[in-house]
Amino acid sequence: MAVMINDLCINCAACIDECPVEAIVDEDDNPTGEECYYVYPDKCVECVGYHDTPACAEACPTEGCITWDMPFTADNKEHFAGGNYIDGNNYVMDDADAEMPFKDSVSMDDRAARKPVIED
Ligand code: SF4
Ligand code: SF4
């Protein structure tokens with residue numbers, strides 16, 4: 001996905017207007033039904049081409065709330081599908097060639113571990 005918002009989110013709205021590609025929705029529009037904000041993995045570009053650090057994480061006041069996730073690419077199609085993707089119900093990557101930009105400086109291990117984007 002790029003980045004994801006977890007259940008530490010306090011629905012403060014600080015992130016939503018910072019996203020340059022409108023990838024974030026609030027709790028009312030969260031497709032998972034969770035009462036927190038949500039990042040659409042097929043829209044998030046990890047702020048590549050916009051900011052050095054994801055703007056949502058810079059704006060978020062809640063420690064550890066926004067984490068890395070796997071890149072939204074065809075290689076990770078299974079990650080985002082069905083039960084393998086805990087943040088979505090059968091999230092389907094319609095286009096097998098989908099390739100969203102991602103920061104290649106972030107390791108796949110850190111992504112798999114869902115490390116916070118900003119760590120103290
Ligand atoms: S990392 Fe950037 S593009 Fe992705 S949701 Fe956050 S602000 Fe939007
Ligand atoms: S800034 Fe952080 S705590 Fe506030 S709505 Fe966004 S993800 Fe949730």
# chains A, B, ... in the order shown; residues from 1 in each chain; ligands from 1
$ select_by_dssp --residues "chain A" --states "alpha helix (DSSP H)" --output "list of chain:residue names"
A:Ala55, A:Cys56, A:Ala57, A:Glu58, A:Ala59, A:Met108, A:Asp109, A:Asp110, A:Arg111, A:Ala112
$ write_last_selection --atoms "N, CA and C atoms" --output "PDB file, in the first residue's frame"
ATOM      1  N   ALA A  55       3.743  13.063   3.760  1.00  0.00           N
ATOM      2  CA  ALA A  55       3.162  14.239   4.406  1.00  0.00           C
ATOM      3  C   ALA A  55       2.128  13.865   5.457  1.00  0.00           C
ATOM      4  N   CYS A  56       1.440  12.762   5.246  1.00  0.00           N
ATOM      5  CA  CYS A  56       0.438  12.349   6.236  1.00  0.00           C
ATOM      6  C   CYS A  56       1.114  12.028   7.570  1.00  0.00           C
ATOM      7  N   ALA A  57       2.228  11.315   7.497  1.00  0.00           N
ATOM      8  CA  ALA A  57       2.928  10.933   8.717  1.00  0.00           C
ATOM      9  C   ALA A  57       3.549  12.155   9.397  1.00  0.00           C
ATOM     10  N   GLU A  58       4.014  13.096   8.611  1.00  0.00           N
ATOM     11  CA  GLU A  58       4.557  14.334   9.183  1.00  0.00           C
ATOM     12  C   GLU A  58       3.480  15.079   9.961  1.00  0.00           C
ATOM     13  N   ALA A  59       2.265  15.031   9.455  1.00  0.00           N
ATOM     14  CA  ALA A  59       1.180  15.800  10.075  1.00  0.00           C
ATOM     15  C   ALA A  59       0.543  15.067  11.248  1.00  0.00           C
ATOM     16  N   MET A 108      12.075  -3.929   2.400  1.00  0.00           N
ATOM     17  CA  MET A 108      10.901  -4.796   2.404  1.00  0.00           C
ATOM     18  C   MET A 108      10.683  -5.385   3.797  1.00  0.00           C
ATOM     19  N   ASP A 109      11.768  -5.574   4.550  1.00  0.00           N
ATOM     20  CA  ASP A 109      11.612  -6.075   5.925  1.00  0.00           C
ATOM     21  C   ASP A 109      10.863  -5.069   6.784  1.00  0.00           C
ATOM     22  N   ASP A 110      11.227  -3.797   6.655  1.00  0.00           N
ATOM     23  CA  ASP A 110      10.534  -2.761   7.431  1.00  0.00           C
ATOM     24  C   ASP A 110       9.077  -2.642   7.001  1.00  0.00           C
ATOM     25  N   ARG A 111       8.850  -2.838   5.738  1.00  0.00           N
ATOM     26  CA  ARG A 111       7.471  -2.779   5.239  1.00  0.00           C
ATOM     27  C   ARG A 111       6.664  -3.962   5.778  1.00  0.00           C
ATOM     28  N   ALA A 112       7.266  -5.149   5.703  1.00  0.00           N
ATOM     29  CA  ALA A 112       6.565  -6.340   6.181  1.00  0.00           C
ATOM     30  C   ALA A 112       6.263  -6.235   7.676  1.00  0.00           C
TER      31      ALA A 112
END
$ residues_near_ligand --ligand "ligand 1" --cutoff "10 Å" --atoms "only C-alpha atoms and all ligand atoms" --output "ChimeraX atom specification"
/A:1-5,15-25,38-60,66-68,101-103,117
$ residues_near_ligand --ligand "ligand 2" --cutoff "6 Å" --atoms "only C-alpha atoms and all ligand atoms" --output "JSON, numbers by chain"
{"A": [5, 9, 10, 11, 12, 13, 14, 15, 37, 59, 60, 61, 62, 65]}
$ residues_around --residues "Glu99 (chain A)" --least-positions-apart "2" --cutoff "7 Å" --atoms "only C-alpha atoms" --output "mmCIF file with C-alpha atoms, in the first residue's frame"
data_model
loop_
_atom_site.group_PDB
_atom_site.id
_atom_site.type_symbol
_atom_site.label_atom_id
_atom_site.label_comp_id
_atom_site.auth_asym_id
_atom_site.auth_seq_id
_atom_site.Cartn_x
_atom_site.Cartn_y
_atom_site.Cartn_z
ATOM 1 C CA PHE A 72 1.237 -1.520 -4.376
ATOM 2 C CA THR A 73 2.730 -3.357 -7.300
ATOM 3 C CA ALA A 74 1.918 -6.478 -9.242
ATOM 4 C CA ASP A 97 0.209 -4.366 -14.098
ATOM 5 C CA PRO A 101 5.372 4.738 -7.021
#
$ select_by_dssp --residues "chain A" --states "strand (DSSP E)" --output "VMD selection string"
chain A and resid 3 to 5 24 to 25 38 to 39 66 to 68
$ closest_residue --among "A:Phe80, A:Pro71, A:Met100, A:Gly64" --to "Lys115 (chain A)" --atoms "only C-alpha atoms"
A:Gly64
$ atom_distance --atom1 "CA of Ser105 (chain A)" --atom2 "CA of Asn76 (chain A)"
17.2 Å
$ atom_distance --atom1 "CA of Asp69 (chain A)" --atom2 "CA of Asp104 (chain A)"
12.3 Å
$ closest_residue --among "A:Lys77, A:Glu63, A:Pro116, A:Asn6" --to "Glu35 (chain A)" --atoms "only C-alpha atoms"
A:Asn6
$ atom_distance --atom1 "CA of Asp26 (chain A)" --atom2 "CA of Asp75 (chain A)"
28.3 Å
